[in-house]
$ cat data21.txt   # compact mmCIF, C-alpha atoms and all ligand atoms
# COMPACT_ATOMS: atom_id res chain seq x y z
CA MET Y 1 77.95 154.28 61.52
CA GLN Y 2 80.65 156.85 60.65
CA ALA Y 3 78.12 159.64 61.17
CA VAL Y 4 77.17 158.06 64.52
CA ASP Y 5 80.80 157.95 65.52
CA ARG Y 6 81.31 161.62 64.61
CA LEU Y 7 78.29 162.57 66.74
CA ILE Y 8 79.54 160.41 69.61
CA GLN Y 9 82.98 162.06 69.57
CA ARG Y 10 81.44 165.54 69.37
CA SER Y 11 79.01 164.85 72.20
CA LEU Y 12 81.76 163.68 74.57
CA GLN Y 13 83.19 167.20 74.83
CA SER Y 14 83.41 168.54 78.37
CA ASP Y 15 85.37 171.32 80.06
CA VAL Y 16 86.49 168.84 82.68
CA ALA Y 17 89.66 167.04 81.59
CA LEU Y 18 88.94 163.81 83.47
CA VAL Y 19 85.50 163.52 81.85
CA ASN Y 20 87.12 163.81 78.40
CA GLN Y 21 89.90 161.39 79.23
CA LEU Y 22 87.81 158.63 80.79
CA SER Y 23 84.85 158.92 78.42
CA HIS Y 24 87.09 158.75 75.33
CA TYR Y 25 88.89 155.74 76.83
CA ILE Y 26 85.71 153.72 77.31
CA ILE Y 27 83.87 154.86 74.16
CA ASN Y 28 86.89 154.10 71.95
CA SER Y 29 87.88 150.84 73.63
CA GLY Y 30 86.60 148.52 70.90
CA GLY Y 31 82.92 147.87 71.66
CA LYS Y 32 80.95 146.20 68.89
CA ARG Y 33 78.52 149.17 68.47
CA LEU Y 34 75.75 146.61 68.12
CA ARG Y 35 72.94 148.71 69.62
CA PRO Y 36 73.55 151.80 67.44
CA MET Y 37 73.76 149.50 64.42
CA LEU Y 38 70.39 148.05 65.35
CA ALA Y 39 68.83 151.51 65.66
CA LEU Y 40 70.14 152.53 62.21
CA LEU Y 41 69.17 149.31 60.48
CA MET Y 42 65.70 149.15 62.00
CA ALA Y 43 64.91 152.78 61.13
CA ARG Y 44 65.89 152.20 57.50
CA ALA Y 45 64.28 148.74 57.35
CA CYS Y 46 61.05 150.45 58.46
CA GLY Y 47 61.41 153.00 55.65
CA TYR Y 48 62.65 156.05 57.61
CA THR Y 49 64.45 158.50 55.32
CA GLY Y 50 65.50 161.28 57.74
CA ASP Y 51 68.64 161.52 59.90
CA LYS Y 52 67.38 161.47 63.49
CA HIS Y 53 68.26 157.76 63.65
CA ILE Y 54 71.89 158.92 63.91
CA ASP Y 55 71.04 160.76 67.15
CA ILE Y 56 69.06 157.78 68.47
CA ALA Y 57 72.00 155.46 67.74
CA ALA Y 58 74.48 157.69 69.60
CA ILE Y 59 72.07 158.11 72.54
CA VAL Y 60 71.64 154.34 72.84
CA GLU Y 61 75.42 153.79 72.78
CA PHE Y 62 75.89 156.44 75.51
CA ILE Y 63 73.36 154.72 77.73
CA HIS Y 64 74.96 151.33 77.05
CA THR Y 65 78.39 152.77 77.93
CA ALA Y 66 77.10 154.36 81.15
CA THR Y 67 75.68 150.99 82.23
CA LEU Y 68 79.04 149.28 81.51
CA LEU Y 69 80.92 151.82 83.63
CA HIS Y 70 78.50 151.31 86.52
CA ASP Y 71 78.37 147.53 86.09
CA ASP Y 72 82.16 147.16 86.25
CA VAL Y 73 82.17 149.08 89.54
CA VAL Y 74 79.35 146.98 90.99
CA ASP Y 75 81.03 143.73 89.88
CA GLU Y 76 84.54 144.96 90.76
CA SER Y 77 85.66 143.89 87.26
CA ASP Y 78 89.18 144.65 86.14
CA MET Y 79 89.00 143.73 82.45
CA ARG Y 80 86.59 144.63 79.64
CA ARG Y 81 87.11 144.62 75.86
CA GLY Y 82 90.58 143.25 76.49
CA LYS Y 83 91.64 146.34 78.44
CA ASP Y 84 91.73 147.50 82.04
CA THR Y 85 88.28 148.67 83.11
CA ALA Y 86 87.88 152.41 83.77
CA ASN Y 87 87.43 151.69 87.50
CA ASN Y 88 90.71 149.80 87.45
CA VAL Y 89 92.52 152.76 85.86
CA TRP Y 90 90.81 155.77 87.54
CA GLY Y 91 89.03 154.22 90.55
CA ASN Y 92 85.36 153.63 91.35
CA GLN Y 93 84.38 157.23 92.00
CA ALA Y 94 85.58 158.58 88.64
CA ALA Y 95 84.04 155.63 86.76
CA VAL Y 96 80.61 156.05 88.39
CA LEU Y 97 80.59 159.81 87.93
CA VAL Y 98 81.64 159.72 84.27
CA GLY Y 99 78.90 157.10 83.82
CA ASP Y 100 76.52 159.73 85.22
CA PHE Y 101 77.95 162.26 82.75
CA LEU Y 102 77.27 159.98 79.76
CA TYR Y 103 73.83 159.07 81.03
CA SER Y 104 72.78 162.69 81.55
CA ARG Y 105 74.40 163.81 78.26
CA SER Y 106 72.26 161.21 76.49
CA PHE Y 107 69.15 162.89 77.94
CA GLU Y 108 70.36 166.29 76.68
CA MET Y 109 70.71 164.72 73.23
CA MET Y 110 67.18 163.29 73.49
CA VAL Y 111 65.78 166.72 74.21
CA ASP Y 112 67.45 167.92 70.98
CA VAL Y 113 65.59 165.19 69.05
CA ASN Y 114 62.45 166.90 70.36
CA GLN Y 115 60.00 163.96 70.21
CA MET Y 116 58.03 163.07 73.32
CA ARG Y 117 57.74 159.36 72.32
CA VAL Y 118 61.54 159.13 72.15
CA MET Y 119 61.82 160.65 75.64
CA GLN Y 120 59.12 158.34 77.01
CA ILE Y 121 60.68 155.18 75.61
CA MET Y 122 64.20 156.04 76.76
CA ALA Y 123 63.10 157.22 80.20
CA SER Y 124 61.25 153.99 80.94
CA THR Y 125 64.03 151.91 79.35
CA THR Y 126 66.76 153.30 81.60
CA ASN Y 127 64.50 152.90 84.61
CA ILE Y 128 63.90 149.23 83.80
CA ILE Y 129 67.63 148.61 83.21
CA ALA Y 130 68.38 149.96 86.68
CA GLU Y 131 65.57 147.84 88.17
CA GLY Y 132 66.99 144.76 86.40
CA GLU Y 133 70.36 145.29 88.02
CA VAL Y 134 68.76 145.52 91.46
CA LEU Y 135 66.80 142.33 90.76
CA GLN Y 136 70.04 140.63 89.73
CA LEU Y 137 71.63 141.77 92.97
CA LEU Y 138 68.83 140.00 94.86
CA ASN Y 139 69.53 136.76 92.94
CA VAL Y 140 73.23 136.76 93.82
CA ASN Y 141 74.14 133.84 96.11
CA ASP Y 142 70.52 132.65 95.93
CA SER Y 143 70.45 129.02 94.82
CA GLU Y 144 66.62 129.14 94.62
CA THR Y 145 66.78 131.49 91.61
CA THR Y 146 64.46 130.10 88.94
CA GLU Y 147 64.69 130.22 85.16
CA ALA Y 148 61.71 132.62 85.14
CA ARG Y 149 63.41 135.03 87.57
CA TYR Y 150 66.62 134.85 85.52
CA LEU Y 151 64.71 135.61 82.30
CA GLU Y 152 63.12 138.62 83.98
CA VAL Y 153 66.60 139.94 84.89
CA ILE Y 154 68.04 139.52 81.40
CA TYR Y 155 64.99 141.13 79.83
CA SER Y 156 65.52 144.19 82.02
CA LYS Y 157 69.28 144.49 82.08
CA THR Y 158 70.00 143.64 78.42
CA ALA Y 159 67.02 143.03 76.14
CA LYS Y 160 65.23 146.25 77.12
CA LEU Y 161 67.88 148.47 75.50
CA PHE Y 162 67.83 146.31 72.35
CA GLU Y 163 64.04 146.70 72.38
CA ALA Y 164 64.28 150.49 72.66
CA ALA Y 165 66.87 150.76 69.86
CA CYS Y 166 64.55 148.81 67.55
CA GLN Y 167 61.25 150.35 68.65
CA LEU Y 168 62.64 153.85 68.08
CA GLY Y 169 63.38 152.85 64.46
CA GLY Y 170 59.69 152.03 64.09
CA VAL Y 171 58.69 155.27 65.87
CA LEU Y 172 60.84 157.45 63.58
CA ALA Y 173 59.39 155.71 60.52
CA GLU Y 174 55.86 156.23 61.91
CA ARG Y 175 54.91 152.59 61.35
CA PRO Y 176 51.45 151.51 62.59
CA GLU Y 177 51.36 150.58 66.29
CA THR Y 178 51.11 146.80 65.70
CA GLU Y 179 54.22 146.90 63.52
CA GLU Y 180 56.08 149.16 65.96
CA LYS Y 181 55.38 146.52 68.63
CA MET Y 182 56.64 143.71 66.40
CA VAL Y 183 59.92 145.42 65.58
CA ALA Y 184 60.33 146.16 69.30
CA GLN Y 185 59.80 142.43 69.96
CA TYR Y 186 62.58 141.65 67.46
CA GLY Y 187 64.83 143.62 69.86
CA VAL Y 188 63.52 141.78 72.92
CA HIS Y 189 64.17 138.34 71.40
CA LEU Y 190 67.55 139.32 69.96
CA GLY Y 191 68.64 140.89 73.26
CA THR Y 192 67.56 137.80 75.18
CA ALA Y 193 69.50 135.50 72.81
CA PHE Y 194 72.49 137.85 73.08
CA GLN Y 195 72.55 137.69 76.89
CA LEU Y 196 72.04 133.90 76.92
CA ILE Y 197 75.12 133.54 74.68
CA ASP Y 198 76.98 136.00 76.94
CA ASP Y 199 76.21 133.75 79.89
CA ILE Y 200 77.37 130.65 78.01
CA LEU Y 201 80.59 132.42 77.01
CA ASP Y 202 81.25 133.14 80.66
CA TYR Y 203 81.71 129.37 81.08
CA THR Y 204 83.29 128.45 77.77
CA ALA Y 205 85.16 131.35 76.17
CA ASP Y 206 88.80 132.15 75.99
CA SER Y 207 89.46 135.20 78.22
CA ASP Y 208 91.89 136.74 75.72
CA GLU Y 209 89.47 136.40 72.82
CA MET Y 210 86.42 137.55 74.78
CA GLY Y 211 88.29 140.43 76.37
CA LYS Y 212 86.95 139.83 79.86
CA ASN Y 213 87.54 137.30 82.59
CA VAL Y 214 85.88 133.92 82.14
CA GLY Y 215 84.20 132.38 85.20
CA ASP Y 216 83.20 135.76 86.62
CA ASP Y 217 79.52 134.81 87.02
CA LEU Y 218 80.34 131.76 89.12
CA ALA Y 219 82.96 133.70 91.08
CA GLU Y 220 80.32 136.32 91.92
CA GLY Y 221 77.72 133.68 92.89
CA LYS Y 222 75.54 134.88 90.00
CA PRO Y 223 73.13 132.12 88.94
CA THR Y 224 72.79 132.26 85.13
CA LEU Y 225 70.87 129.74 83.01
CA PRO Y 226 73.66 127.12 82.60
CA LEU Y 227 73.95 126.89 86.39
CA ILE Y 228 70.21 127.17 87.08
CA TYR Y 229 69.46 124.38 84.61
CA ALA Y 230 72.29 122.13 85.87
CA LEU Y 231 70.95 122.52 89.41
CA ALA Y 232 67.33 121.83 88.43
CA LYS Y 233 68.38 118.73 86.46
CA SER Y 234 70.57 117.43 89.30
CA LYS Y 235 67.64 117.80 91.71
CA LEU Y 236 65.29 116.03 89.28
CA ASN Y 237 67.74 113.13 88.90
CA ASN Y 238 68.18 112.86 92.67
CA GLU Y 239 71.91 113.53 92.29
CA ILE Y 240 72.28 114.67 95.90
CA ASN Y 241 76.05 115.31 95.82
CA ASP Y 242 75.83 117.35 92.61
CA THR Y 243 72.84 119.29 93.94
CA GLU Y 244 74.67 120.17 97.16
CA LEU Y 245 77.83 121.14 95.33
CA LEU Y 246 76.01 123.51 92.95
CA GLN Y 247 74.05 125.06 95.83
CA LYS Y 248 77.30 125.62 97.71
CA ALA Y 249 78.99 127.10 94.61
CA ILE Y 250 76.15 129.63 94.25
CA THR Y 251 75.78 130.57 97.91
CA GLU Y 252 79.53 130.86 98.55
CA GLY Y 253 80.68 132.25 95.16
CA GLY Y 254 84.39 132.00 94.33
CA LEU Y 255 86.09 129.60 91.96
CA ASP Y 256 87.06 126.81 94.38
CA HIS Y 257 84.53 124.42 92.84
CA ILE Y 258 84.90 125.44 89.17
CA ASP Y 259 86.12 122.04 87.91
CA ALA Y 260 83.32 120.10 89.62
CA VAL Y 261 80.73 122.68 88.50
CA MET Y 262 81.94 122.41 84.88
CA GLU Y 263 81.68 118.63 85.07
CA ILE Y 264 78.05 118.83 86.23
CA ILE Y 265 77.24 121.48 83.62
CA HIS Y 266 78.51 119.11 80.93
CA LYS Y 267 76.87 116.03 82.47
CA THR Y 268 73.45 117.74 82.51
CA ASP Y 269 73.81 119.20 78.99
CA ALA Y 270 73.14 122.62 80.49
CA LEU Y 271 75.08 124.46 77.76
CA THR Y 272 73.14 122.67 75.00
CA TYR Y 273 69.89 123.54 76.77
CA THR Y 274 70.90 127.21 77.07
CA THR Y 275 72.03 127.31 73.42
CA ASN Y 276 68.66 125.90 72.34
CA VAL Y 277 66.79 128.57 74.31
CA ALA Y 278 68.97 131.20 72.56
CA LYS Y 279 68.34 129.59 69.13
CA ASN Y 280 64.62 129.70 69.75
CA GLU Y 281 64.80 133.39 70.71
CA THR Y 282 66.76 134.12 67.53
CA GLN Y 283 64.11 132.49 65.38
CA LEU Y 284 61.37 134.41 67.21
CA ALA Y 285 63.34 137.62 66.52
CA ILE Y 286 63.54 136.86 62.79
CA ASP Y 287 59.80 136.03 62.70
CA CYS Y 288 59.01 139.50 64.11
CA LEU Y 289 60.47 141.11 60.97
CA GLN Y 290 57.72 139.56 58.85
CA PRO Y 291 55.65 142.81 58.45
CA LEU Y 292 58.63 144.63 56.89
CA GLU Y 293 59.15 144.75 53.14
CA ASP Y 294 62.21 142.86 51.88
CA ASN Y 295 65.19 145.21 51.68
CA PRO Y 296 68.94 145.07 52.43
CA PHE Y 297 68.37 146.53 55.93
CA LYS Y 298 65.93 143.78 56.85
CA ASN Y 299 68.42 141.19 55.52
CA ALA Y 300 71.14 142.72 57.69
CA LEU Y 301 68.85 142.46 60.74
CA ILE Y 302 68.33 138.77 59.95
CA GLY Y 303 72.11 138.42 59.64
CA LEU Y 304 72.62 140.14 63.02
CA ALA Y 305 70.24 137.71 64.68
CA LYS Y 306 72.21 134.77 63.29
CA TYR Y 307 75.52 136.39 64.27
CA SER Y 308 74.37 136.76 67.88
CA LEU Y 309 74.36 132.95 68.16
CA SER Y 310 77.82 132.38 66.72
CA ARG Y 311 79.69 135.26 68.34
CA THR Y 312 82.77 134.62 70.45
CA THR Y 313 83.26 138.14 71.88
C1 LIG J 1 73.23 154.00 84.12
C2 LIG J 1 70.84 153.57 83.40
C3 LIG J 1 72.01 153.14 84.19
C4 LIG J 1 71.92 151.99 84.90
C5 LIG J 1 72.97 151.37 85.69
C6 LIG J 1 74.79 148.80 86.25
C7 LIG J 1 73.52 148.97 85.51
C8 LIG J 1 72.53 149.96 86.02
C9 LIG J 1 73.23 148.22 84.41
C10 LIG J 1 74.15 147.22 83.81
C11 LIG J 1 73.49 146.51 82.66
C12 LIG J 1 74.46 145.62 81.93
C13 LIG J 1 75.93 145.91 81.93
C14 LIG J 1 74.00 144.56 81.26
C15 LIG J 1 74.86 143.63 80.49
C16 LIG J 1 74.65 143.89 79.02
C17 LIG J 1 75.73 143.30 78.17
C18 LIG J 1 75.53 141.95 77.57
C19 LIG J 1 76.82 144.02 77.92
C20 LIG J 1 77.86 143.63 76.96
O1 LIG J 1 77.40 144.09 75.68
P1 LIG J 1 78.29 144.02 74.38
O2 LIG J 1 78.92 142.67 74.24
O3 LIG J 1 79.41 145.09 74.74
O4 LIG J 1 77.47 144.51 73.24
P2 LIG J 1 80.43 145.84 73.77
O5 LIG J 1 81.73 145.79 74.53
O6 LIG J 1 80.51 145.15 72.45
O7 LIG J 1 79.89 147.24 73.67
$ encode --input "data21.txt" --output "structure tokens"
Amino acid sequence: MQAVDRLIQRSLQSDVALVNQLSHYIINSGGKRLRPMLALLMARACGYTGDKHIDIAAIVEFIHTATLLHDDVVDESDMRRGKDTANNVWGNQAAVLVGDFLYSRSFEMMVDVNQMRVMQIMASTTNIIAEGEVLQLLNVNDSETTEARYLEVIYSKTAKLFEAACQLGGVLAERPETEEKMVAQYGVHLGTAFQLIDDILDYTADSDEMGKNVGDDLAEGKPTLPLIYALAKSKLNNEINDTELLQKAITEGGLDHIDAVMEIIHKTDALTYTTNVAKNETQLAIDCLQPLEDNPFKNALIGLAKYSLSRTT
């Protein structure tokens, strides 16, 4: 991870002062570096002995960071990782454009790796992430959003990058295709669990601890699984008042109804349901590691899957 960090810092260099300033601010603002860690661990767990996994890890973190910069502009967020967002400090234009810088720099770094499979996987990954965000935009204020549509969004916007980080470990190690697919699926399941917990935290966390504002999803009229499930259950139980209130909360957005929404979420056990879906995904992730020989890297990947359930930030 220290080697990854050195490469990240080196690759941020630009002749344009604002690019340096903003990119260093966001890259060094205390992210968990989970995706690069996954790329490193999976490459070694698959038996890779070279050093291109360092490049892959830095590339993945650059893409992740570019998506955060863009996402905070789209969502008009003012806090991330316990700090002012870049858009809050430098404005939307600078944040979007430095996101473009990081995104395009990551493609320069991919060309240096000089492997067509790496280019293919990352090109389609970034395309799917962008598609996922557009799909999410279509779900905003739509109280008809189903669990299936929600799962499609979180696969694209979050799990896909986890999948790529893991699959590339298998690619570098030249594992057989079936095994490459299984380690990629570890990433899909882990990423799905990770986003489900993220969506629970948006209703339950402490803003200071999590480092971003709680209640943002409801405020934006974004139907995530806790809300989707609470609404489906209220409909099923013929709770007409609860159903109408949740529909109104989604279509109008804002936090006017937060207390009533929380009450219904608790009454319908929507957080327990969402946690159980995440737990199931975590177990599926661990099961996907079965073809790999036992080694400390595989154990760490099992540990990461368990951590994703208990995290508070
Ligand atoms: C630039 C390719 C490109 C696309 C832009 C805006 C957008 C399209 C995508 C946004 C995708 C996004 C932000 C998904 C949410 C993923 C998520 C759970 C982020 C938080 O991850 P953590 O907790 O962050 O790992 P840290 O702060 O630890 O790095």
$ closest_residue --input "data21.txt" --among "Y:Arg81, Y:Lys235, Y:Arg35, Y:Lys248" --to "Glu163 in chain Y" --atoms "only C-alpha atoms"
Y:Arg35
$ closest_residue --input "data21.txt" --among "Y:Ile228, Y:Ala285, Y:His53, Y:Gln13" --to "Met110 in chain Y" --atoms "only C-alpha atoms"
Y:His53
$ closest_residue --input "data21.txt" --among "Y:Met210, Y:Ala270, Y:Leu231, Y:Gly221" --to "Asp256 in chain Y" --atoms "only C-alpha atoms"
Y:Gly221
$ closest_residue --input "data21.txt" --among "Y:Leu309, Y:Ala86, Y:Leu196, Y:Val16" --to "ligand LIG 1 (chain J)" --atoms "only C-alpha atoms and all ligand atoms"
Y:Leu196
$ closest_atom_pairs --input "data21.txt" --of "chain Y" --to "ligand LIG 1 (chain J)" --cutoff "9 Å" --atoms "all atoms listed in the file" --output "tab-separated table"
residue	atom	partner	partner_atom	distance
Y:Ile27	CA	J:LIG1	O7	8.6
Y:Ser29	CA	J:LIG1	O5	8.0
Y:Gly30	CA	J:LIG1	O5	6.7
Y:Gly31	CA	J:LIG1	O7	3.7
Y:Lys32	CA	J:LIG1	O6	3.7
Y:Arg33	CA	J:LIG1	O7	5.7
Y:Leu34	CA	J:LIG1	O4	5.8
Y:Arg35	CA	J:LIG1	O4	7.2
Y:Glu61	CA	J:LIG1	O7	8.0
Y:Ile63	CA	J:LIG1	C2	6.3
Y:His64	CA	J:LIG1	O7	7.2
Y:Thr65	CA	J:LIG1	O7	7.1
Y:Ala66	CA	J:LIG1	C1	4.9
Y:Thr67	CA	J:LIG1	C9	4.3
Y:Leu68	CA	J:LIG1	C13	4.6
Y:Leu69	CA	J:LIG1	C6	7.3
Y:His70	CA	J:LIG1	C6	4.5
Y:Asp71	CA	J:LIG1	C6	3.8
Y:Asp72	CA	J:LIG1	C6	7.6
Y:Val73	CA	J:LIG1	C6	8.1
Y:Val74	CA	J:LIG1	C6	6.8
Y:Asp75	CA	J:LIG1	C6	8.8
Y:Arg80	CA	J:LIG1	O5	7.1
Y:Arg81	CA	J:LIG1	O5	5.7
Y:Val96	CA	J:LIG1	C1	8.8
Y:Gly99	CA	J:LIG1	C1	6.5
Y:Asp100	CA	J:LIG1	C1	6.7
Y:Leu102	CA	J:LIG1	C1	8.4
Y:Tyr103	CA	J:LIG1	C1	6.0
Y:Thr125	CA	J:LIG1	C2	8.1
Y:Thr126	CA	J:LIG1	C2	4.5
Y:Asn127	CA	J:LIG1	C2	6.5
Y:Ile128	CA	J:LIG1	C2	8.2
Y:Ile129	CA	J:LIG1	C4	5.7
Y:Ala130	CA	J:LIG1	C8	4.2
Y:Glu131	CA	J:LIG1	C8	7.6
Y:Gly132	CA	J:LIG1	C9	7.4
Y:Glu133	CA	J:LIG1	C7	5.5
Y:Val134	CA	J:LIG1	C8	8.0
Y:Ile154	CA	J:LIG1	C14	7.8
Y:Ser156	CA	J:LIG1	C11	8.3
Y:Lys157	CA	J:LIG1	C11	4.7
Y:Thr158	CA	J:LIG1	C16	4.7
Y:Ala159	CA	J:LIG1	C16	8.2
Y:Leu161	CA	J:LIG1	C16	8.9
Y:Gly191	CA	J:LIG1	C18	8.2
Y:Phe194	CA	J:LIG1	C18	6.8
Y:Gln195	CA	J:LIG1	C18	5.2
Y:Leu196	CA	J:LIG1	C18	8.8
Y:Ile197	CA	J:LIG1	C18	8.9
Y:Asp198	CA	J:LIG1	C18	6.2
Y:Asp199	CA	J:LIG1	C18	8.5
Y:Gly211	CA	J:LIG1	O5	8.7
Y:Thr313	CA	J:LIG1	O2	6.7
$ closest_residue --input "data21.txt" --among "Y:Asp208, Y:Glu174, Y:Glu263, Y:Asp142" --to "Thr224 in chain Y" --atoms "all atoms listed in the file"
Y:Asp142
$ residues_near_point --input "data21.txt" --point "(82.9, 116.9, 90.0)" --cutoff "12 Å" --atoms "all atoms listed in the file" --output "number ranges by chain"
Y: 239, 241-246, 249, 256-267
$ write_last_selection --input "data21.txt" --atoms "C-alpha atoms" --output "mmCIF file, in the frame of the given file"
data_model
loop_
_atom_site.group_PDB
_atom_site.id
_atom_site.type_symbol
_atom_site.label_atom_id
_atom_site.label_comp_id
_atom_site.auth_asym_id
_atom_site.auth_seq_id
_atom_site.Cartn_x
_atom_site.Cartn_y
_atom_site.Cartn_z
ATOM 1 C CA GLU Y 239 71.910 113.530 92.290
ATOM 2 C CA ASN Y 241 76.050 115.310 95.820
ATOM 3 C CA ASP Y 242 75.830 117.350 92.610
ATOM 4 C CA THR Y 243 72.840 119.290 93.940
ATOM 5 C CA GLU Y 244 74.670 120.170 97.160
ATOM 6 C CA LEU Y 245 77.830 121.140 95.330
ATOM 7 C CA LEU Y 246 76.010 123.510 92.950
ATOM 8 C CA ALA Y 249 78.990 127.100 94.610
ATOM 9 C CA ASP Y 256 87.060 126.810 94.380
ATOM 10 C CA HIS Y 257 84.530 124.420 92.840
ATOM 11 C CA ILE Y 258 84.900 125.440 89.170
ATOM 12 C CA ASP Y 259 86.120 122.040 87.910
ATOM 13 C CA ALA Y 260 83.320 120.100 89.620
ATOM 14 C CA VAL Y 261 80.730 122.680 88.500
ATOM 15 C CA MET Y 262 81.940 122.410 84.880
ATOM 16 C CA GLU Y 263 81.680 118.630 85.070
ATOM 17 C CA ILE Y 264 78.050 118.830 86.230
ATOM 18 C CA ILE Y 265 77.240 121.480 83.620
ATOM 19 C CA HIS Y 266 78.510 119.110 80.930
ATOM 20 C CA LYS Y 267 76.870 116.030 82.470
#
$ closest_residue --input "data21.txt" --among "Y:Asp5, Y:Glu76, Y:Asp287, Y:Asp294" --to "Met182 in chain Y" --atoms "all atoms listed in the file"
Y:Asp287
$ residues_near_point --input "data21.txt" --point "(79.0, 153.7, 56.6)" --cutoff "12 Å" --atoms "all atoms listed in the file" --output "list in words"
Met1, Gln2, Ala3, Val4, Asp5, Arg6, Met37, Leu40, Leu41 and Ile54 of chain Y
$ write_last_selection --input "data21.txt" --atoms "C-alpha atoms" --output "tab-separated table (two decimals), in the frame of the given file"
chain	number	residue	atom	x	y	z
Y	1	MET	CA	77.95	154.28	61.52
Y	2	GLN	CA	80.65	156.85	60.65
Y	3	ALA	CA	78.12	159.64	61.17
Y	4	VAL	CA	77.17	158.06	64.52
Y	5	ASP	CA	80.80	157.95	65.52
Y	6	ARG	CA	81.31	161.62	64.61
Y	37	MET	CA	73.76	149.50	64.42
Y	40	LEU	CA	70.14	152.53	62.21
Y	41	LEU	CA	69.17	149.31	60.48
Y	54	ILE	CA	71.89	158.92	63.91
$ residues_around --input "data21.txt" --residues "Gln283 in chain Y" --least-positions-apart "2" --cutoff "9 Å" --atoms "all atoms listed in the file" --output "PyMOL selection string"
chain Y and resi 189-190+278-281+285-288+305-306
$ atom_distance --input "data21.txt" --atom1 "CA of Glu147 in chain Y" --atom2 "CA of Leu225 in chain Y"
6.6 Å
$ atom_distance --input "data21.txt" --atom1 "CA of Ser77 in chain Y" --atom2 "CA of Leu271 in chain Y"
24.1 Å
$ atom_distance --input "data21.txt" --atom1 "CA of Asp202 in chain Y" --atom2 "CA of Asp217 in chain Y"
6.8 Å
$ residues_around --input "data21.txt" --residues "Phe297 in chain Y" --least-positions-apart "6" --cutoff "12 Å" --atoms "all atoms listed in the file" --output "PyMOL selection string"
chain Y and resi 37-48+169+289+303-304
